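Reproduced below: input27.txt, with compact mmCIF, all heavy atoms.
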# COMPACT_ATOMS: atom_id res chain seq x y z
N MET A 1 3.56 -7.26 7.07
CA MET A 1 2.93 -6.50 6.02
C MET A 1 1.43 -6.70 6.13
O MET A 1 0.95 -7.82 6.22
CB MET A 1 3.45 -6.97 4.67
CG MET A 1 2.68 -6.47 3.47
SD MET A 1 2.64 -4.71 3.25
CE MET A 1 4.33 -4.33 3.08
N GLN A 2 0.72 -5.60 6.12
CA GLN A 2 -0.74 -5.64 6.12
C GLN A 2 -1.22 -4.69 5.02
O GLN A 2 -0.96 -3.49 5.08
CB GLN A 2 -1.27 -5.21 7.49
CG GLN A 2 -2.76 -5.23 7.60
CD GLN A 2 -3.23 -4.76 8.97
OE1 GLN A 2 -2.51 -4.09 9.70
NE2 GLN A 2 -4.44 -5.11 9.30
N VAL A 3 -1.89 -5.22 4.01
CA VAL A 3 -2.41 -4.41 2.92
C VAL A 3 -3.86 -4.07 3.24
O VAL A 3 -4.66 -4.96 3.53
CB VAL A 3 -2.30 -5.16 1.57
CG1 VAL A 3 -2.84 -4.29 0.44
CG2 VAL A 3 -0.86 -5.55 1.29
N LEU A 4 -4.20 -2.78 3.20
CA LEU A 4 -5.51 -2.32 3.63
C LEU A 4 -6.46 -1.99 2.49
O LEU A 4 -7.59 -1.57 2.73
CB LEU A 4 -5.35 -1.09 4.52
CG LEU A 4 -4.43 -1.27 5.74
CD1 LEU A 4 -4.27 0.04 6.48
CD2 LEU A 4 -4.96 -2.35 6.66
N VAL A 5 -6.02 -2.15 1.25
CA VAL A 5 -6.84 -1.83 0.08
C VAL A 5 -6.94 -3.06 -0.83
O VAL A 5 -6.19 -4.01 -0.69
CB VAL A 5 -6.27 -0.63 -0.71
CG1 VAL A 5 -6.34 0.64 0.11
CG2 VAL A 5 -4.83 -0.91 -1.16
N LYS A 6 -7.88 -2.98 -1.78
CA LYS A 6 -8.07 -4.07 -2.74
C LYS A 6 -7.90 -3.52 -4.15
O LYS A 6 -8.13 -2.34 -4.40
CB LYS A 6 -9.47 -4.65 -2.60
CG LYS A 6 -9.69 -5.32 -1.27
CD LYS A 6 -11.08 -5.87 -1.15
CE LYS A 6 -11.20 -6.52 0.22
NZ LYS A 6 -12.56 -6.71 0.63
N GLN A 7 -7.51 -4.39 -5.06
CA GLN A 7 -7.36 -3.99 -6.46
C GLN A 7 -8.69 -3.45 -6.97
O GLN A 7 -9.75 -4.00 -6.69
CB GLN A 7 -6.91 -5.19 -7.29
CG GLN A 7 -6.49 -4.80 -8.69
CD GLN A 7 -5.73 -5.91 -9.38
OE1 GLN A 7 -5.23 -6.81 -8.76
NE2 GLN A 7 -5.66 -5.82 -10.69
N GLY A 8 -8.63 -2.33 -7.69
CA GLY A 8 -9.82 -1.69 -8.24
C GLY A 8 -10.45 -0.66 -7.32
O GLY A 8 -11.33 0.09 -7.72
N GLU A 9 -9.97 -0.58 -6.08
CA GLU A 9 -10.51 0.36 -5.11
C GLU A 9 -10.02 1.78 -5.39
O GLU A 9 -8.85 1.99 -5.69
CB GLU A 9 -10.08 -0.06 -3.70
CG GLU A 9 -10.63 0.77 -2.58
CD GLU A 9 -10.24 0.23 -1.21
OE1 GLU A 9 -9.90 -0.96 -1.09
OE2 GLU A 9 -10.27 1.03 -0.27
N SER A 10 -10.90 2.76 -5.26
CA SER A 10 -10.52 4.16 -5.38
C SER A 10 -9.93 4.61 -4.05
O SER A 10 -10.45 4.27 -2.99
CB SER A 10 -11.73 5.03 -5.71
OG SER A 10 -12.20 4.74 -7.00
N VAL A 11 -8.83 5.37 -4.12
CA VAL A 11 -8.18 5.87 -2.91
C VAL A 11 -7.94 7.37 -3.04
O VAL A 11 -7.89 7.91 -4.13
CB VAL A 11 -6.84 5.14 -2.63
CG1 VAL A 11 -7.08 3.66 -2.37
CG2 VAL A 11 -5.86 5.32 -3.76
N SER A 12 -7.80 8.01 -1.90
CA SER A 12 -7.56 9.45 -1.84
C SER A 12 -6.15 9.72 -1.34
O SER A 12 -5.59 8.93 -0.58
CB SER A 12 -8.54 10.12 -0.89
OG SER A 12 -9.87 9.89 -1.31
N ARG A 13 -5.61 10.85 -1.76
CA ARG A 13 -4.28 11.26 -1.31
C ARG A 13 -4.24 11.22 0.21
O ARG A 13 -5.14 11.73 0.89
CB ARG A 13 -3.98 12.67 -1.81
CG ARG A 13 -2.63 13.15 -1.37
CD ARG A 13 -2.37 14.54 -1.82
NE ARG A 13 -1.08 14.95 -1.29
CZ ARG A 13 -0.38 15.95 -1.73
NH1 ARG A 13 -0.86 16.69 -2.71
NH2 ARG A 13 0.78 16.23 -1.21
N GLY A 14 -3.20 10.60 0.76
CA GLY A 14 -3.01 10.51 2.21
C GLY A 14 -3.65 9.29 2.85
O GLY A 14 -3.39 9.00 4.01
N GLN A 15 -4.47 8.57 2.10
CA GLN A 15 -5.12 7.37 2.64
C GLN A 15 -4.07 6.29 2.89
O GLN A 15 -3.17 6.08 2.08
CB GLN A 15 -6.16 6.85 1.65
CG GLN A 15 -6.90 5.61 2.13
CD GLN A 15 -7.99 5.19 1.16
OE1 GLN A 15 -8.46 5.98 0.34
NE2 GLN A 15 -8.39 3.93 1.23
N VAL A 16 -4.18 5.59 4.01
CA VAL A 16 -3.23 4.52 4.33
C VAL A 16 -3.55 3.31 3.44
O VAL A 16 -4.67 2.82 3.42
CB VAL A 16 -3.30 4.13 5.82
CG1 VAL A 16 -2.34 2.99 6.12
CG2 VAL A 16 -2.97 5.34 6.70
N LEU A 17 -2.53 2.87 2.69
CA LEU A 17 -2.68 1.73 1.78
C LEU A 17 -2.20 0.43 2.41
O LEU A 17 -2.75 -0.63 2.14
CB LEU A 17 -1.89 1.99 0.50
CG LEU A 17 -2.18 3.28 -0.26
CD1 LEU A 17 -1.24 3.42 -1.44
CD2 LEU A 17 -3.63 3.32 -0.69
N ALA A 18 -1.15 0.54 3.22
CA ALA A 18 -0.56 -0.65 3.82
C ALA A 18 0.20 -0.24 5.08
O ALA A 18 0.55 0.93 5.25
CB ALA A 18 0.38 -1.33 2.84
N VAL A 19 0.45 -1.23 5.92
CA VAL A 19 1.25 -1.01 7.12
C VAL A 19 2.38 -2.02 7.10
O VAL A 19 2.16 -3.23 7.01
CB VAL A 19 0.41 -1.17 8.41
CG1 VAL A 19 1.28 -0.98 9.64
CG2 VAL A 19 -0.76 -0.19 8.41
N LEU A 20 3.60 -1.50 7.15
CA LEU A 20 4.81 -2.32 7.19
C LEU A 20 5.27 -2.42 8.63
O LEU A 20 5.36 -1.40 9.31
CB LEU A 20 5.92 -1.62 6.40
CG LEU A 20 6.34 -2.17 5.08
CD1 LEU A 20 7.24 -1.19 4.37
CD2 LEU A 20 7.00 -3.50 5.22
N GLU A 21 5.54 -3.62 9.10
CA GLU A 21 6.03 -3.77 10.47
C GLU A 21 7.53 -3.95 10.42
O GLU A 21 8.04 -4.86 9.77
CB GLU A 21 5.35 -4.96 11.13
CG GLU A 21 3.86 -4.72 11.33
CD GLU A 21 3.16 -5.89 11.97
OE1 GLU A 21 3.84 -6.74 12.58
OE2 GLU A 21 1.93 -5.95 11.84
N ALA A 22 8.24 -3.06 11.11
CA ALA A 22 9.69 -3.12 11.18
C ALA A 22 10.12 -2.83 12.60
O ALA A 22 9.77 -1.77 13.15
CB ALA A 22 10.32 -2.11 10.22
N MET A 23 10.83 -3.76 13.20
CA MET A 23 11.32 -3.59 14.56
C MET A 23 10.17 -3.23 15.51
O MET A 23 10.26 -2.32 16.33
CB MET A 23 12.43 -2.54 14.60
CG MET A 23 13.63 -2.94 13.75
SD MET A 23 14.89 -1.67 13.53
CE MET A 23 15.29 -1.24 15.19
N LYS A 24 9.07 -3.96 15.37
CA LYS A 24 7.87 -3.81 16.21
C LYS A 24 7.23 -2.43 16.10
O LYS A 24 6.52 -1.98 16.98
CB LYS A 24 8.17 -4.17 17.65
CG LYS A 24 8.61 -5.60 17.81
CD LYS A 24 8.76 -5.98 19.26
CE LYS A 24 9.21 -7.44 19.34
NZ LYS A 24 9.28 -7.90 20.70
N THR A 25 7.49 -1.75 15.00
CA THR A 25 6.89 -0.44 14.73
C THR A 25 6.10 -0.55 13.43
O THR A 25 6.59 -1.10 12.45
CB THR A 25 7.98 0.64 14.58
OG1 THR A 25 8.73 0.70 15.79
CG2 THR A 25 7.38 1.99 14.29
N GLY A 26 4.90 0.01 13.41
CA GLY A 26 4.10 0.00 12.20
C GLY A 26 4.35 1.25 11.38
O GLY A 26 4.13 2.36 11.85
N LEU A 27 4.84 1.08 10.17
CA LEU A 27 5.09 2.19 9.26
C LEU A 27 3.95 2.26 8.25
O LEU A 27 3.74 1.30 7.50
CB LEU A 27 6.42 2.00 8.52
CG LEU A 27 7.65 1.87 9.41
CD1 LEU A 27 8.85 1.44 8.58
CD2 LEU A 27 7.92 3.18 10.10
N ARG A 28 3.22 3.34 8.26
CA ARG A 28 2.07 3.48 7.36
C ARG A 28 2.53 3.98 5.99
O ARG A 28 3.29 4.94 5.90
CB ARG A 28 1.05 4.43 7.95
CG ARG A 28 0.51 3.92 9.27
CD ARG A 28 -0.54 4.80 9.86
NE ARG A 28 -0.15 6.21 9.81
CZ ARG A 28 -0.95 7.20 10.13
NH1 ARG A 28 -2.16 6.96 10.56
NH2 ARG A 28 -0.53 8.44 10.06
N ILE A 29 2.06 3.32 4.95
CA ILE A 29 2.34 3.72 3.57
C ILE A 29 1.07 4.36 3.05
O ILE A 29 0.01 3.73 3.03
CB ILE A 29 2.75 2.52 2.72
CG1 ILE A 29 4.03 1.90 3.30
CG2 ILE A 29 2.94 2.93 1.27
CD1 ILE A 29 4.41 0.59 2.71
N THR A 30 1.18 5.62 2.63
CA THR A 30 0.00 6.36 2.20
C THR A 30 0.02 6.65 0.71
O THR A 30 1.07 6.64 0.07
CB THR A 30 -0.10 7.70 2.97
OG1 THR A 30 1.07 8.47 2.72
CG2 THR A 30 -0.25 7.48 4.46
N ALA A 31 -1.16 6.91 0.17
CA ALA A 31 -1.29 7.24 -1.25
C ALA A 31 -0.73 8.63 -1.51
O ALA A 31 -1.09 9.58 -0.82
CB ALA A 31 -2.76 7.19 -1.67
N PRO A 32 0.15 8.76 -2.51
CA PRO A 32 0.73 10.07 -2.82
C PRO A 32 -0.24 10.99 -3.56
O PRO A 32 -0.02 12.19 -3.65
CB PRO A 32 1.94 9.72 -3.69
CG PRO A 32 1.55 8.43 -4.34
CD PRO A 32 0.72 7.70 -3.32
N ALA A 33 -1.31 10.40 -4.12
CA ALA A 33 -2.28 11.16 -4.90
C ALA A 33 -3.57 10.35 -4.98
O ALA A 33 -3.59 9.16 -4.65
CB ALA A 33 -1.75 11.42 -6.31
N ASP A 34 -4.65 10.98 -5.41
CA ASP A 34 -5.89 10.26 -5.67
C ASP A 34 -5.64 9.27 -6.81
O ASP A 34 -4.86 9.54 -7.72
CB ASP A 34 -7.00 11.22 -6.10
CG ASP A 34 -7.43 12.17 -4.99
OD1 ASP A 34 -7.03 11.97 -3.83
OD2 ASP A 34 -8.17 13.12 -5.30
N GLY A 35 -6.30 8.12 -6.76
CA GLY A 35 -6.14 7.15 -7.82
C GLY A 35 -6.95 5.90 -7.59
O GLY A 35 -7.81 5.85 -6.71
N VAL A 36 -6.65 4.89 -8.38
CA VAL A 36 -7.31 3.59 -8.29
C VAL A 36 -6.21 2.55 -8.13
O VAL A 36 -5.19 2.60 -8.83
CB VAL A 36 -8.13 3.30 -9.57
CG1 VAL A 36 -8.74 1.91 -9.53
CG2 VAL A 36 -9.21 4.36 -9.75
N VAL A 37 -6.40 1.60 -7.22
CA VAL A 37 -5.40 0.55 -7.00
C VAL A 37 -5.38 -0.34 -8.25
O VAL A 37 -6.35 -1.03 -8.55
CB VAL A 37 -5.72 -0.27 -5.73
CG1 VAL A 37 -4.71 -1.39 -5.57
CG2 VAL A 37 -5.75 0.64 -4.51
N ALA A 38 -4.27 -0.30 -8.97
CA ALA A 38 -4.12 -1.07 -10.21
C ALA A 38 -3.50 -2.43 -9.95
O ALA A 38 -3.79 -3.40 -10.65
CB ALA A 38 -3.27 -0.30 -11.21
N HIS A 39 -2.62 -2.51 -8.93
CA HIS A 39 -1.91 -3.77 -8.68
C HIS A 39 -1.44 -3.80 -7.23
O HIS A 39 -1.02 -2.78 -6.69
CB HIS A 39 -0.70 -3.89 -9.61
CG HIS A 39 0.15 -5.09 -9.36
ND1 HIS A 39 -0.24 -6.36 -9.73
CD2 HIS A 39 1.34 -5.22 -8.76
CE1 HIS A 39 0.72 -7.21 -9.37
NE2 HIS A 39 1.68 -6.54 -8.78
N ILE A 40 -1.52 -4.96 -6.62
CA ILE A 40 -0.98 -5.17 -5.28
C ILE A 40 0.14 -6.20 -5.42
O ILE A 40 -0.09 -7.31 -5.89
CB ILE A 40 -2.07 -5.64 -4.30
CG1 ILE A 40 -3.13 -4.55 -4.18
CG2 ILE A 40 -1.46 -5.98 -2.94
CD1 ILE A 40 -4.32 -4.91 -3.35
N GLY A 41 1.35 -5.80 -5.04
CA GLY A 41 2.53 -6.64 -5.28
C GLY A 41 2.94 -7.53 -4.14
O GLY A 41 3.96 -8.22 -4.24
N CYS A 42 2.19 -7.56 -3.04
CA CYS A 42 2.53 -8.43 -1.93
C CYS A 42 1.25 -8.75 -1.16
O CYS A 42 0.22 -8.10 -1.34
CB CYS A 42 3.58 -7.80 -1.04
SG CYS A 42 3.09 -6.22 -0.37
N ALA A 43 1.34 -9.74 -0.29
CA ALA A 43 0.18 -10.17 0.48
C ALA A 43 0.46 -10.02 1.96
O ALA A 43 1.61 -9.85 2.39
CB ALA A 43 -0.14 -11.63 0.14
N ALA A 44 -0.59 -10.11 2.74
CA ALA A 44 -0.47 -10.02 4.19
C ALA A 44 0.55 -11.05 4.68
O ALA A 44 0.54 -12.20 4.24
CB ALA A 44 -1.81 -10.26 4.85
N GLY A 45 1.44 -10.61 5.55
CA GLY A 45 2.45 -11.50 6.12
C GLY A 45 3.72 -11.63 5.31
O GLY A 45 4.69 -12.22 5.79
N ASP A 46 3.75 -11.12 4.07
CA ASP A 46 4.95 -11.20 3.25
C ASP A 46 6.08 -10.37 3.85
O ASP A 46 5.85 -9.33 4.45
CB ASP A 46 4.70 -10.66 1.84
CG ASP A 46 3.96 -11.62 0.94
OD1 ASP A 46 3.68 -12.76 1.38
OD2 ASP A 46 3.66 -11.24 -0.20
N SER A 47 7.30 -10.86 3.69
CA SER A 47 8.48 -10.06 4.01
C SER A 47 8.84 -9.28 2.76
O SER A 47 8.81 -9.83 1.66
CB SER A 47 9.65 -10.95 4.40
OG SER A 47 9.39 -11.61 5.62
N VAL A 48 9.12 -8.00 2.92
CA VAL A 48 9.47 -7.18 1.77
C VAL A 48 10.84 -6.56 1.96
O VAL A 48 11.26 -6.31 3.09
CB VAL A 48 8.41 -6.08 1.50
CG1 VAL A 48 7.08 -6.69 1.12
CG2 VAL A 48 8.23 -5.19 2.71
N GLU A 49 11.52 -6.34 0.87
CA GLU A 49 12.83 -5.72 0.89
C GLU A 49 12.75 -4.36 0.22
O GLU A 49 11.78 -4.06 -0.49
CB GLU A 49 13.84 -6.60 0.16
CG GLU A 49 14.03 -7.95 0.82
CD GLU A 49 15.04 -8.81 0.08
OE1 GLU A 49 15.83 -8.26 -0.72
OE2 GLU A 49 15.05 -10.02 0.32
N GLU A 50 13.77 -3.57 0.41
CA GLU A 50 13.83 -2.26 -0.24
C GLU A 50 13.62 -2.42 -1.74
O GLU A 50 14.19 -3.31 -2.37
CB GLU A 50 15.18 -1.61 0.03
CG GLU A 50 15.30 -0.23 -0.53
CD GLU A 50 16.63 0.43 -0.20
OE1 GLU A 50 17.36 -0.08 0.66
OE2 GLU A 50 16.93 1.45 -0.82
N GLY A 51 12.77 -1.58 -2.30
CA GLY A 51 12.50 -1.62 -3.73
C GLY A 51 11.32 -2.48 -4.12
O GLY A 51 10.91 -2.49 -5.28
N THR A 52 10.74 -3.20 -3.17
CA THR A 52 9.58 -4.04 -3.46
C THR A 52 8.38 -3.16 -3.78
O THR A 52 8.07 -2.23 -3.03
CB THR A 52 9.25 -4.95 -2.26
OG1 THR A 52 10.37 -5.78 -1.98
CG2 THR A 52 8.03 -5.82 -2.54
N GLU A 53 7.71 -3.45 -4.87
CA GLU A 53 6.51 -2.70 -5.25
C GLU A 53 5.36 -3.26 -4.43
O GLU A 53 5.01 -4.44 -4.54
CB GLU A 53 6.24 -2.88 -6.73
CG GLU A 53 5.14 -1.99 -7.25
CD GLU A 53 5.04 -2.09 -8.76
OE1 GLU A 53 5.93 -1.54 -9.43
OE2 GLU A 53 4.10 -2.72 -9.23
N ILE A 54 4.77 -2.42 -3.58
CA ILE A 54 3.71 -2.87 -2.68
C ILE A 54 2.34 -2.63 -3.31
O ILE A 54 1.54 -3.56 -3.44
CB ILE A 54 3.83 -2.19 -1.32
CG1 ILE A 54 5.17 -2.59 -0.69
CG2 ILE A 54 2.67 -2.55 -0.41
CD1 ILE A 54 5.54 -1.81 0.54
N VAL A 55 2.05 -1.41 -3.69
CA VAL A 55 0.77 -1.05 -4.32
C VAL A 55 1.07 -0.11 -5.49
O VAL A 55 1.84 0.84 -5.34
CB VAL A 55 -0.17 -0.35 -3.32
CG1 VAL A 55 -1.45 0.09 -4.00
CG2 VAL A 55 -0.49 -1.27 -2.13
N THR A 56 0.45 -0.38 -6.62
CA THR A 56 0.56 0.49 -7.80
C THR A 56 -0.76 1.19 -8.00
O THR A 56 -1.82 0.55 -7.99
CB THR A 56 0.90 -0.33 -9.06
OG1 THR A 56 2.10 -1.06 -8.82
CG2 THR A 56 1.08 0.56 -10.26
N LEU A 57 -0.70 2.52 -8.16
CA LEU A 57 -1.90 3.30 -8.40
C LEU A 57 -1.97 3.74 -9.86
O LEU A 57 -0.95 4.02 -10.48
CB LEU A 57 -1.92 4.56 -7.52
CG LEU A 57 -1.96 4.34 -6.01
CD1 LEU A 57 -1.99 5.69 -5.30
CD2 LEU A 57 -3.14 3.50 -5.61
N ALA A 58 -3.19 3.82 -10.37
CA ALA A 58 -3.45 4.36 -11.70
C ALA A 58 -4.24 5.66 -11.51
O ALA A 58 -4.88 5.86 -10.47
CB ALA A 58 -4.24 3.37 -12.54
N ALA A 59 -4.18 6.52 -12.50
CA ALA A 59 -4.95 7.77 -12.44
C ALA A 59 -6.44 7.46 -12.36
O ALA A 59 -6.90 6.50 -12.98
CB ALA A 59 -4.65 8.62 -13.67
N PRO A 60 -7.18 8.27 -11.61
CA PRO A 60 -8.63 8.05 -11.54
C PRO A 60 -9.29 8.35 -12.87
O PRO A 60 -8.77 9.13 -13.66
CB PRO A 60 -9.09 9.00 -10.45
CG PRO A 60 -8.04 10.05 -10.38
CD PRO A 60 -6.76 9.43 -10.82
N ASP A 61 -10.43 7.73 -13.11
CA ASP A 61 -11.15 7.96 -14.37
C ASP A 61 -11.71 9.36 -14.44
O ASP A 61 -12.04 10.01 -13.56
CB ASP A 61 -12.29 6.96 -14.53
CG ASP A 61 -11.73 5.56 -14.76
OD1 ASP A 61 -10.63 5.43 -15.29
OD2 ASP A 61 -12.43 4.59 -14.39
Please go through the file and, once you have read it, give me the structure as C-alpha cells.
Amino acid sequence: MQVLVKQGESVSRGQVLAVLEAMKTGLRITAPADGVVAHIGCAAGDSVEEGTEIVTLAAPD
C-alpha cells in the first residue's frame, strides 16, 4: 500500500490517491470526484482487506 495524498489536501476527480500492490501488480485508486482528503485509513506498507477504508473524501469548500 502506498498512499499518495495527505489529510487536508485538495484532490481532483481521477487523481491517483493510493496504489495497492496485489500479486506484483499496482492497482491505482483514484478520486471519484473533486474533494478534500478528510481521513486516511491506512499507512504505507499496511496490508488491507476487502472493505478497508483507505481514503475518505469530503466535499470541497
**Item:** Residue set, range 21-54 of chain A restricted to strand (DSSP E), as a count of residues only
**Value:** 14
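Summary of the local environment: counting all atoms listed in the file, residues at most 5 Å from range 46-52 of chain A, other than itself and those fewer than 2 positions away along its chain, are A:Met1, A:Leu20, A:Cys42, A:Ala43, A:Ala44, A:Ile54.
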**Request:** Could you tell me how far atom N of Arg28 in chain A lies from CA of Val5 in chain A, in Å and to one decimal?
**Result:** 14.0 Å
**Message:** Which residue is closest to Arg13 in chain A? Choose from A:Leu27, A:Ile40, A:Ala58, A:Ala33 and count only C-alpha atoms.
**Reply:**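 Closest to Arg13 in chain A of all the choices is A:Ala33.
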**Prompt:** Pick the closest to Glu53 in chain A from A:Ser10, A:His39, A:Leu4, A:Ala18: which is it, counting all atoms listed in the file?
**Reply:**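 Of all the options, A:His39 lies closest to Glu53 in chain A.
The spacing separating CA of Ile29 in chain A from CA of Leu17 in chain A amounts to 5.7 Å.
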How big is the axis-aligned box, and where does its centre sit, when it encloses all atoms of range 46-59 of chain A listed in the file and has 5 Å added on every side, reported in Å to one decimal as AutoDock Vina command-line options?
--center_x 5.2 --center_y -2.1 --center_z -4.0 --size_x 34.3 --size_y 31.4 --size_z 29.3
**Complete:** In Å and to one decimal, atom O of Met23 in chain A is distant from atom N of Thr56 in chain A by 25.0 Å
**Message:** Which residue is closest to Val3 in chain A? Choose from A:Val55, A:Val36, A:Ala22, A:Ala31 and count all atoms listed in the file.
**Reply:**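 Looking at the shortest contact to Val3 in chain A, the residue is A:Val55.
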